[in-house]
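File shown here: work.txt, holding compact mmCIF, C-alpha atoms.
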# COMPACT_ATOMS: atom_id res chain seq x y z
CA MET C 3 112.54 115.03 51.83
CA SER C 4 108.85 114.47 51.22
CA PRO C 5 107.67 111.26 52.92
CA THR C 6 106.16 108.27 51.12
CA PRO C 7 102.63 107.11 51.97
CA LEU C 8 104.15 104.20 53.87
CA ASP C 9 106.22 106.57 56.05
CA ILE C 10 103.07 108.58 56.73
CA LEU C 11 101.05 105.46 57.55
CA LEU C 12 103.62 104.21 60.05
CA GLN C 13 104.10 107.54 61.84
CA PHE C 14 100.39 108.16 62.24
CA ALA C 15 99.77 104.57 63.32
CA LEU C 16 102.27 105.15 66.10
CA LEU C 17 100.46 108.35 67.10
CA SER C 18 97.13 106.50 67.06
CA ILE C 19 98.06 104.32 70.02
CA LEU C 20 99.11 107.41 72.00
CA ALA C 21 95.86 109.26 71.35
CA VAL C 22 94.28 108.72 74.77
CA GLY C 23 91.83 111.58 75.26
CA GLY C 24 91.37 112.23 71.56
CA ALA C 25 93.06 114.53 69.12
CA ASN C 26 93.38 117.57 71.36
CA ALA C 27 95.54 115.57 73.74
CA LEU C 28 97.51 114.39 70.75
CA SER C 29 98.27 117.72 69.06
CA PRO C 30 101.45 118.55 71.05
CA GLU C 31 102.88 115.12 70.26
CA MET C 32 101.86 115.41 66.62
CA HIS C 33 103.57 118.80 66.45
CA ARG C 34 106.71 117.49 68.10
CA LEU C 35 106.93 114.56 65.71
CA LEU C 36 106.04 116.22 62.39
CA VAL C 37 107.66 119.64 62.88
CA ASP C 38 110.52 119.29 65.36
CA SER C 39 111.65 115.75 64.90
CA LEU C 40 110.90 114.71 61.30
CA HIS C 41 110.92 118.23 59.75
CA TRP C 42 108.07 117.27 57.44
CA MET C 43 106.47 120.75 57.67
CA ASP C 44 107.09 124.11 59.32
CA ASP C 45 105.43 125.43 62.46
CA GLN C 46 103.11 127.89 60.75
CA THR C 47 101.80 125.37 58.22
CA PHE C 48 101.09 122.92 61.02
CA SER C 49 99.14 125.51 63.06
CA GLN C 50 97.07 126.70 60.10
CA LEU C 51 96.19 123.20 58.92
CA TYR C 52 95.34 122.13 62.46
CA ALA C 53 93.05 125.12 63.02
CA LEU C 54 91.34 124.46 59.72
CA ALA C 55 90.65 120.86 60.69
CA GLN C 56 89.11 122.09 63.96
CA ALA C 57 86.59 124.17 62.04
CA ALA C 58 85.14 121.14 60.27
CA PRO C 59 82.52 118.89 61.87
CA GLY C 60 83.39 115.44 63.13
CA PRO C 61 86.28 114.09 65.14
CA ASN C 62 89.21 116.47 65.54
CA ILE C 63 91.47 113.55 64.87
CA LEU C 64 90.81 114.12 61.18
CA SER C 65 93.39 116.88 61.45
CA ALA C 66 95.67 113.93 60.69
CA SER C 67 93.96 113.54 57.30
CA VAL C 68 94.55 117.21 56.53
CA LEU C 69 98.20 116.99 57.50
CA GLY C 70 98.51 113.82 55.40
CA MET C 71 97.00 115.55 52.38
CA HIS C 72 99.49 118.36 52.72
CA LEU C 73 102.35 115.88 53.02
CA GLY C 74 101.47 113.45 50.25
CA GLY C 75 98.35 114.41 48.31
CA PHE C 76 95.48 111.93 48.08
CA MET C 77 97.58 108.87 48.99
CA GLY C 78 99.11 110.77 51.90
CA MET C 79 95.62 111.65 53.14
CA LEU C 80 94.53 108.02 52.88
CA ALA C 81 97.67 106.78 54.65
CA ALA C 82 97.33 109.29 57.49
CA THR C 83 93.61 108.56 57.99
CA VAL C 84 94.06 104.79 58.05
CA GLY C 85 97.12 105.16 60.26
CA ILE C 86 95.50 107.40 62.86
CA LEU C 87 92.20 105.48 63.02
CA GLY C 88 93.26 101.88 62.40
CA PRO C 89 95.14 100.79 65.51
CA ALA C 90 92.77 102.63 67.87
CA ALA C 91 89.73 101.08 66.16
CA CYS C 92 91.25 97.59 66.47
CA ILE C 93 91.84 98.12 70.19
CA ALA C 94 88.26 99.36 70.65
CA PHE C 95 86.95 96.36 68.73
CA ALA C 96 88.91 93.93 70.92
CA VAL C 97 87.77 95.67 74.12
CA GLY C 98 84.16 95.58 72.90
CA GLY C 99 84.48 91.81 72.44
CA ALA C 100 86.03 91.33 75.87
CA ILE C 101 83.18 93.26 77.49
CA ASP C 102 80.65 91.14 75.66
CA ARG C 103 82.26 87.93 76.97
CA LEU C 104 82.45 89.28 80.51
CA LYS C 105 78.96 90.74 80.65
CA ASN C 106 77.80 88.27 83.32
CA ALA C 107 80.69 88.94 85.70
CA TRP C 108 79.45 90.81 88.79
CA TRP C 109 82.03 93.58 88.46
CA ILE C 110 81.46 94.53 84.84
CA LYS C 111 78.40 96.73 85.52
CA PRO C 112 80.00 98.70 88.37
CA ALA C 113 83.19 99.01 86.28
CA GLN C 114 81.22 100.53 83.41
CA ALA C 115 79.37 102.80 85.83
CA GLY C 116 82.78 103.90 87.09
CA LEU C 117 83.58 105.36 83.67
CA VAL C 118 80.58 107.70 83.74
CA PRO C 119 82.22 110.44 85.86
CA VAL C 120 85.20 110.49 83.48
CA ALA C 121 82.87 110.90 80.51
CA LEU C 122 80.79 113.68 82.05
CA GLY C 123 83.66 115.50 83.76
CA LEU C 124 85.59 115.70 80.50
CA MET C 125 82.50 116.78 78.57
CA LEU C 126 81.87 119.65 81.00
CA ALA C 127 85.55 120.63 80.83
CA SER C 128 85.52 120.64 77.04
CA GLY C 129 82.63 123.12 77.21
CA TYR C 130 84.68 125.38 79.46
CA ILE C 131 87.79 125.11 77.26
CA LEU C 132 85.83 125.74 74.06
CA GLY C 133 84.12 128.71 75.70
CA ASP C 134 87.41 130.11 76.91
CA ALA C 135 88.72 130.08 73.34
CA ALA C 136 85.45 131.29 71.81
CA PHE C 137 84.72 134.33 73.99
CA THR C 138 86.33 136.76 71.55
CA PHE C 139 83.32 139.11 71.19
CA TRP C 140 80.71 140.35 73.66
CA ALA C 141 77.77 138.28 72.38
CA ALA C 142 79.71 135.00 72.56
CA PRO C 143 78.89 134.14 76.22
CA LEU C 144 75.20 134.84 75.51
CA ILE C 145 75.27 132.38 72.61
CA THR C 146 76.95 129.80 74.82
CA VAL C 147 74.42 130.14 77.65
CA ALA C 148 71.46 130.10 75.24
CA MET C 149 72.81 126.94 73.62
CA ALA C 150 73.44 125.20 76.96
CA VAL C 151 69.87 125.89 78.13
CA PHE C 152 68.44 124.84 74.78
CA VAL C 153 70.26 121.50 74.80
CA TRP C 154 69.52 120.85 78.46
CA ARG C 155 65.84 121.65 78.22
CA SER C 156 64.77 120.34 74.82
CA ASN C 157 65.30 117.24 72.70
CA ARG C 158 65.46 119.15 69.44
CA ASN C 159 68.37 118.80 67.07
CA PRO C 160 71.13 121.18 68.29
CA LEU C 161 72.17 121.90 64.69
CA TRP C 162 69.61 124.74 64.43
CA MET C 163 71.08 126.47 67.43
CA LEU C 164 74.58 126.07 66.02
CA LEU C 165 73.42 127.77 62.82
CA ALA C 166 71.73 130.50 64.85
CA GLY C 167 74.98 130.96 66.77
CA GLY C 168 76.85 131.33 63.49
CA ILE C 169 74.40 133.96 62.25
CA VAL C 170 74.63 135.93 65.50
CA GLY C 171 78.40 135.68 65.07
CA MET C 172 78.18 137.15 61.57
CA ILE C 173 76.24 140.11 62.99
CA PHE C 174 78.42 140.84 66.03
CA ALA C 175 81.85 139.32 65.48
CA ARG C 176 82.91 141.12 62.34
CA MET J 19 60.99 97.73 79.76
CA THR J 20 59.63 97.17 76.27
CA GLU J 21 61.43 95.14 73.60
CA ARG J 22 64.42 97.16 72.40
CA HIS J 23 65.16 97.84 68.76
CA VAL J 24 68.63 96.67 67.72
CA PRO J 25 69.65 98.83 64.74
CA THR J 26 70.68 97.12 61.49
CA THR J 27 74.00 97.87 59.80
CA GLY J 28 72.21 100.27 57.45
CA GLU J 29 70.56 102.10 60.34
CA LEU J 30 73.88 102.26 62.20
CA PHE J 31 75.57 103.70 59.14
CA LEU J 32 72.91 106.38 58.69
CA ALA J 33 72.81 107.34 62.37
CA PHE J 34 76.57 107.77 62.56
CA LEU J 35 76.59 109.54 59.20
CA GLN J 36 74.23 112.04 60.80
CA ILE J 37 76.36 112.30 63.96
CA GLY J 38 79.56 112.86 61.99
CA GLY J 39 78.10 115.26 59.47
CA LEU J 40 76.46 117.48 62.07
CA ALA J 41 79.15 117.35 64.66
CA PHE J 42 80.51 120.88 64.63
CA GLY J 43 82.42 121.47 67.84
CA GLY J 44 82.54 117.91 69.06
CA ALA J 45 80.69 114.74 68.16
CA VAL J 46 80.00 113.73 71.77
CA ALA J 47 76.91 115.88 72.23
CA PHE J 48 75.53 115.00 68.81
CA ALA J 49 75.94 111.30 69.51
CA ARG J 50 73.82 111.84 72.61
CA SER J 51 71.20 113.82 70.73
CA VAL J 52 70.86 111.26 67.91
CA LEU J 53 71.17 107.97 69.83
CA VAL J 54 69.41 108.85 73.10
CA ASP J 55 66.95 111.67 72.34
CA GLN J 56 66.04 111.10 68.70
CA ARG J 57 66.29 107.34 68.02
CA LYS J 58 66.09 106.07 71.60
CA TRP J 59 68.44 103.15 70.88
CA LEU J 60 70.37 103.76 74.09
CA THR J 61 69.41 104.87 77.58
CA GLU J 62 71.10 107.83 79.22
CA ARG J 63 73.17 105.43 81.33
CA GLU J 64 74.24 103.15 78.48
CA TYR J 65 75.30 106.19 76.50
CA ALA J 66 77.39 107.61 79.34
CA GLU J 67 79.04 104.22 80.01
CA LEU J 68 79.94 103.65 76.36
CA LEU J 69 81.23 107.19 76.08
CA GLY J 70 83.40 106.74 79.17
CA LEU J 71 84.87 103.62 77.61
CA GLY J 72 85.47 105.48 74.34
CA GLN J 73 87.31 108.19 76.24
CA VAL J 74 89.69 105.97 78.20
CA LEU J 75 90.73 104.06 75.07
CA PRO J 76 93.13 105.69 72.58
CA GLY J 77 91.59 107.29 69.49
CA PRO J 78 88.58 109.52 68.84
CA ASN J 79 85.99 109.17 71.62
CA VAL J 80 82.95 108.79 69.43
CA GLY J 81 84.94 106.70 66.92
CA ASN J 82 85.67 104.16 69.67
CA PHE J 83 82.05 104.47 70.77
CA ALA J 84 80.95 103.68 67.19
CA VAL J 85 83.22 100.62 66.94
CA ILE J 86 82.08 99.15 70.27
CA TYR J 87 78.39 99.95 69.90
CA GLY J 88 78.43 98.74 66.28
CA ARG J 89 79.93 95.45 67.42
CA GLN J 90 77.33 95.05 70.16
CA CYS J 91 74.55 95.51 67.62
CA ARG J 92 75.78 93.72 64.50
CA GLY J 93 79.30 92.36 65.03
CA LEU J 94 82.19 93.35 62.77
CA MET J 95 79.94 94.72 60.02
CA GLY J 96 78.18 96.87 62.60
CA SER J 97 81.52 98.34 63.67
CA VAL J 98 82.56 99.00 60.10
CA ALA J 99 79.20 100.59 59.24
CA ALA J 100 79.16 102.84 62.32
CA MET J 101 82.79 103.94 62.04
CA GLY J 102 82.58 104.38 58.27
CA GLY J 103 79.44 106.45 58.56
CA PHE J 104 80.98 108.51 61.32
CA ILE J 105 84.06 109.67 59.42
CA LEU J 106 82.73 109.78 55.84
CA LEU J 107 81.15 113.26 55.75
CA PRO J 108 83.69 114.98 58.05
CA LEU J 109 86.51 113.66 55.88
CA PHE J 110 84.99 115.12 52.71
CA ILE J 111 84.11 118.39 54.43
CA VAL J 112 87.53 118.88 55.96
CA LEU J 113 89.32 118.13 52.70
CA GLY J 114 86.96 120.49 50.87
CA LEU J 115 87.78 123.16 53.45
CA VAL J 116 91.49 122.71 52.89
CA ALA J 117 91.02 123.04 49.14
CA LEU J 118 88.91 126.20 49.63
CA TRP J 119 91.40 127.62 52.10
CA MET J 120 94.28 127.07 49.70
CA GLU J 121 92.23 128.83 47.01
CA TYR J 122 90.64 131.76 48.87
CA GLY J 123 92.39 132.10 52.22
CA GLN J 124 90.50 133.88 54.99
CA ASN J 125 87.04 135.32 54.53
CA PRO J 126 85.81 137.72 57.27
CA TRP J 127 82.16 136.59 56.98
CA LEU J 128 83.06 132.94 57.26
CA ASP J 129 85.44 133.77 60.08
CA ALA J 130 82.69 135.58 62.03
CA PHE J 131 80.24 132.76 61.37
CA MET J 132 82.73 130.21 62.71
CA LYS J 133 83.26 132.34 65.84
CA GLY J 134 79.53 132.23 66.53
CA VAL J 135 79.45 128.49 65.92
CA ALA J 136 82.38 128.01 68.28
CA ALA J 137 80.57 129.86 71.07
CA ALA J 138 77.45 127.76 70.50
CA ALA J 139 79.53 124.57 70.49
CA ALA J 140 80.78 125.40 73.98
CA GLY J 141 77.18 125.67 75.15
CA LEU J 142 76.37 122.39 73.42
CA ALA J 143 78.97 120.52 75.46
CA VAL J 144 77.89 122.11 78.75
CA GLY J 145 74.18 121.58 78.07
CA SER J 146 74.68 117.93 77.13
CA ALA J 147 76.69 117.21 80.24
CA LEU J 148 74.07 118.94 82.43
CA LYS J 149 71.30 116.96 80.80
CA SER J 150 73.06 113.64 81.41
CA LEU J 151 73.86 114.64 84.99
CA SER J 152 70.30 115.68 85.77
CA LYS J 153 68.91 112.40 84.42
CA LEU J 154 71.42 109.93 85.88
CA THR J 155 71.28 110.55 89.67
CA LEU J 156 74.89 109.55 90.31
CA PRO J 157 76.02 108.58 93.82
CA VAL J 158 77.58 111.50 95.66
CA GLU J 159 81.23 110.34 95.39
CA GLN J 160 80.84 110.06 91.61
CA LEU J 161 79.38 113.56 91.45
CA VAL J 162 82.45 114.82 93.32
CA ALA J 163 84.60 112.93 90.79
CA VAL J 164 82.82 114.67 87.90
CA GLY J 165 83.62 118.03 89.51
CA VAL J 166 87.25 117.18 90.21
CA ILE J 167 87.86 115.82 86.70
CA CYS J 168 86.21 118.89 85.18
CA LEU J 169 88.37 121.23 87.28
CA LEU J 170 91.57 119.33 86.49
CA ALA J 171 90.89 119.41 82.75
CA ALA J 172 89.33 122.88 82.43
CA TRP J 173 90.98 124.98 85.09
CA ALA J 174 94.32 123.31 85.82
CA ARG J 175 94.66 122.19 82.16
CA VAL J 176 96.11 118.84 83.14
CA PRO J 177 96.68 116.85 79.91
CA LEU J 178 93.84 114.43 79.24
CA GLY J 179 96.11 111.41 79.14
CA TRP J 180 97.19 112.06 82.73
CA ILE J 181 93.64 112.63 83.92
CA ILE J 182 92.53 109.36 82.40
CA LEU J 183 95.55 107.52 83.76
CA PHE J 184 95.08 108.75 87.35
CA CYS J 185 91.36 109.48 87.73
CA THR J 186 89.90 106.43 86.00
CA PRO J 187 91.35 103.97 88.56
CA VAL J 188 89.82 106.08 91.35
CA THR J 189 86.33 106.28 89.85
CA LEU J 190 86.55 102.58 88.93
CA ALA J 191 87.56 101.63 92.46
CA LEU J 192 84.76 103.71 94.00
CA SER J 193 82.20 102.15 91.71
CA LEU J 194 83.52 98.61 92.19
CA TYR J 195 83.46 99.11 95.97
CA ARG J 196 79.83 100.17 95.78
CA GLY J 197 79.01 97.15 93.59
CA TRP J 198 80.86 94.80 95.92
CA LYS J 199 79.02 96.10 98.98
CA LYS J 200 75.68 95.70 97.22
CA ARG J 201 76.63 92.14 96.25
CA LYS J 202 77.58 91.27 99.82
CA ALA J 203 74.32 92.74 101.11
CA ALA J 204 72.27 90.77 98.59
How would this structure read if it were set down as structure tokens?
Amino acid sequence: MSPTPLDILLQFALLSILAVGGANALSPEMHRLLVDSLHWMDDQTFSQLYALAQAAPGPNILSASVLGMHLGGFMGMLAATVGILGPAACIAFAVGGAIDRLKNAWWIKPAQAGLVPVALGLMLASGYILGDAAFTFWAAPLITVAMAVFVWRSNRNPLWMLLAGGIVGMIFAR
Amino acid sequence: MTERHVPTTGELFLAFLQIGGLAFGGAVAFARSVLVDQRKWLTEREYAELLGLGQVLPGPNVGNFAVIYGRQCRGLMGSVAAMGGFILLPLFIVLGLVALWMEYGQNPWLDAFMKGVAAAAAGLAVGSALKSLSKLTLPVEQLVAVGVICLLAAWARVPLGWIILFCTPVTLALSLYRGWKKRKAA
């Protein structure tokens, strides 16, 4: 019933290649595979572990590490992390090399410039989606606007404003 | 432009350690803050281009960014240093959180704190995008593309994979057309 580290490694490596758009795009597929198809964990456990991983800093894709730890302890965590990051990192490395070789081609600069709208459009959208989920108390939109202006207008480390947001949350969201 | 500093593997590791460890609510904005505003290793444009590349490839956006930028700076070891630094702290923190959660379950203070952080993280993403937009002066068709992509992802909730699959060729074609015209004119 409980999968070996090798099983975990292979399943997450497969997911890695599908993870276009990062972990949030991946979560439905991860759920389908681990809960519905392989029956490695139940629905509620998946949701709780996934939400917990979202609360931590860093890439959301580390939810895979959390799921791996639940499935197979330390070795399971290691297998899931290597599996979910490995193939994608290899692809990125190869693409980085290809770009380096092609850097004198006339079309490489415009091609790279063509990726900018994707980057910025998705970043704006992620702000909207995060806000949509976060507006659970009346002060939340104020925190969001204050943070947006702060980041836009100053070069200071945004961490302080995140902490301030958390403290305001402790006052008003309880 | 003055001579640019190419970070060493150690500097790459530390910078991405900082990005990963701080990156509550998305590493994208913190990568911008650390690499463009604080260390000035990348220009606004280079950052946005690398990020776009990181987003259209499978895997974590900033993870791909770290691998490619690390390679540009210091080859394979640069990639390993940047990626390793990026995931090290988050991995420990997330596993610590799981252990705590299994032990103590939900705490209302922590819960309220995280709600505040989540609201601030939304503002962080919006503010970073606005900052990049206001500094880059994109051509008008690319500005329209930013708006369309944002609406598709945020309002219509089209899955990111589909957006990347269908919108990237369009923005690429527009940009290549512009580059081709400029080349012909030159």
- Spatial neighbours of range 35-49 of chain C, 8 Å, only C-alpha atoms, chain gap at least 5 places, as a ChimeraX atom specification: /C:3-5,69,73
If you count all atoms listed in the file, which residues fall within 9 Å of Leu124 in chain C, apart from same-chain ones fewer than 5 positions away, as a PDB file with C-alpha atoms, in the coordinates of the input?
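Result went into result-v1.pdb, see below:
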ATOM      1  CA  PRO C 119      82.220 110.440  85.860  1.00  0.00           C
ATOM      2  CA  GLY C 129      82.630 123.120  77.210  1.00  0.00           C
TER       3      GLY C 129
ATOM      4  CA  GLN J  73      87.310 108.190  76.240  1.00  0.00           C
ATOM      5  CA  VAL J 164      82.820 114.670  87.900  1.00  0.00           C
ATOM      6  CA  ILE J 167      87.860 115.820  86.700  1.00  0.00           C
ATOM      7  CA  CYS J 168      86.210 118.890  85.180  1.00  0.00           C
ATOM      8  CA  ALA J 171      90.890 119.410  82.750  1.00  0.00           C
ATOM      9  CA  ALA J 172      89.330 122.880  82.430  1.00  0.00           C
ATOM     10  CA  LEU J 178      93.840 114.430  79.240  1.00  0.00           C
TER      11      LEU J 178
END
- Item | Point (86.0, 98.8, 85.7) neighbourhood (9 Å, all atoms listed in the file) written as JSON, numbers by chain | {"C": [109, 110, 111, 112, 113, 114, 115, 116, 117], "J": [186, 187, 189, 190, 191, 193, 194]}
- Task: Find, counting all atoms listed in the file, the residue in C:Ala58, C:Met32, C:Ala135, C:Ile145 that gets nearest to Ala45 in chain J.
- Result: C:Ala58
- Task: Provide the CA of Cys91 in chain J to CA of Gly99 in chain C distance in Å, to one decimal place.
- Result: 11.6 Å
- Task: Tell me which of C:Arg176, C:His72, C:Arg103, C:Arg34 sits closest to chain J, counting all atoms listed in the file.
- Result: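 Between C:Arg176, C:His72, C:Arg103, C:Arg34, the residue approaching chain J most closely is C:Arg176.
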- Query: Which of these residues is nearest to Ile19 in chain C, using only C-alpha atoms: J:Gly179, J:Arg196, J:Ala138, J:Leu35?
  - Reply: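 Looking at the shortest contact to Ile19 in chain C, the residue is J:Gly179.
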- Return the single residue from C:Gly123, C:Gly78, C:Gly167, C:Pro61 that is closest to Ala136 in chain C, with distances computed using only C-alpha atoms.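 Ranked by minimum distance to Ala136 in chain C, first place goes to C:Gly167.
As for CA of Gly171 in chain C and CA of Phe131 in chain J, they are spaced 5.1 Å apart.
Reported to one decimal place, the separation of CA of Gly77 in chain J from CA of Ile63 in chain C is 7.8 Å.
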- Message: Tell me which residues come within 10 Å of (92.1, 112.4, 76.2), as a PyMOL selection string, counting all atoms listed in the file in the file's coordinates.
- Response: (chain C and resi 20-28+124) or (chain J and resi 72-79+171+177-183)
Taking C-alpha atoms for each residue, export the selection above as a short mmCIF file (atom, residue, chain, number, x, y, z; two decimals), in the coordinates of the input.
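What ended up in result.cif:
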data_model
loop_
_atom_site.label_atom_id
_atom_site.label_comp_id
_atom_site.auth_asym_id
_atom_site.auth_seq_id
_atom_site.Cartn_x
_atom_site.Cartn_y
_atom_site.Cartn_z
CA LEU C 20 99.11 107.41 72.00
CA ALA C 21 95.86 109.26 71.35
CA VAL C 22 94.28 108.72 74.77
CA GLY C 23 91.83 111.58 75.26
CA GLY C 24 91.37 112.23 71.56
CA ALA C 25 93.06 114.53 69.12
CA ASN C 26 93.38 117.57 71.36
CA ALA C 27 95.54 115.57 73.74
CA LEU C 28 97.51 114.39 70.75
CA LEU C 124 85.59 115.70 80.50
CA GLY J 72 85.47 105.48 74.34
CA GLN J 73 87.31 108.19 76.24
CA VAL J 74 89.69 105.97 78.20
CA LEU J 75 90.73 104.06 75.07
CA PRO J 76 93.13 105.69 72.58
CA GLY J 77 91.59 107.29 69.49
CA PRO J 78 88.58 109.52 68.84
CA ASN J 79 85.99 109.17 71.62
CA ALA J 171 90.89 119.41 82.75
CA PRO J 177 96.68 116.85 79.91
CA LEU J 178 93.84 114.43 79.24
CA GLY J 179 96.11 111.41 79.14
CA TRP J 180 97.19 112.06 82.73
CA ILE J 181 93.64 112.63 83.92
CA ILE J 182 92.53 109.36 82.40
CA LEU J 183 95.55 107.52 83.76
#
Selection near Ile105 in chain J, 9 Å with only C-alpha atoms, sequence-local residues under 6 positions removed, as a short mmCIF file (atom, residue, chain, number, x, y, z; two decimals) with C-alpha atoms, in the frame of the given file:
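Written file, around.cif:
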data_model
loop_
_atom_site.label_atom_id
_atom_site.label_comp_id
_atom_site.auth_asym_id
_atom_site.auth_seq_id
_atom_site.Cartn_x
_atom_site.Cartn_y
_atom_site.Cartn_z
CA GLY C 60 83.39 115.44 63.13
CA PRO C 61 86.28 114.09 65.14
CA LEU C 64 90.81 114.12 61.18
CA PHE J 34 76.57 107.77 62.56
CA LEU J 35 76.59 109.54 59.20
CA GLY J 38 79.56 112.86 61.99
CA GLY J 39 78.10 115.26 59.47
CA GLY J 81 84.94 106.70 66.92
#
- Kindly indicate which residue among J:Leu148, J:Ala49, J:Val116, J:Ile86 lies nearest to Gln56 in chain C, using all atoms listed in the file for the distances. J:Val116
- Nearest to chain C: which of J:Phe42, J:Lys58, J:Tyr195, J:Tyr65 is it, counting only C-alpha atoms?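 Distance minimum relative to chain C lands on J:Phe42.
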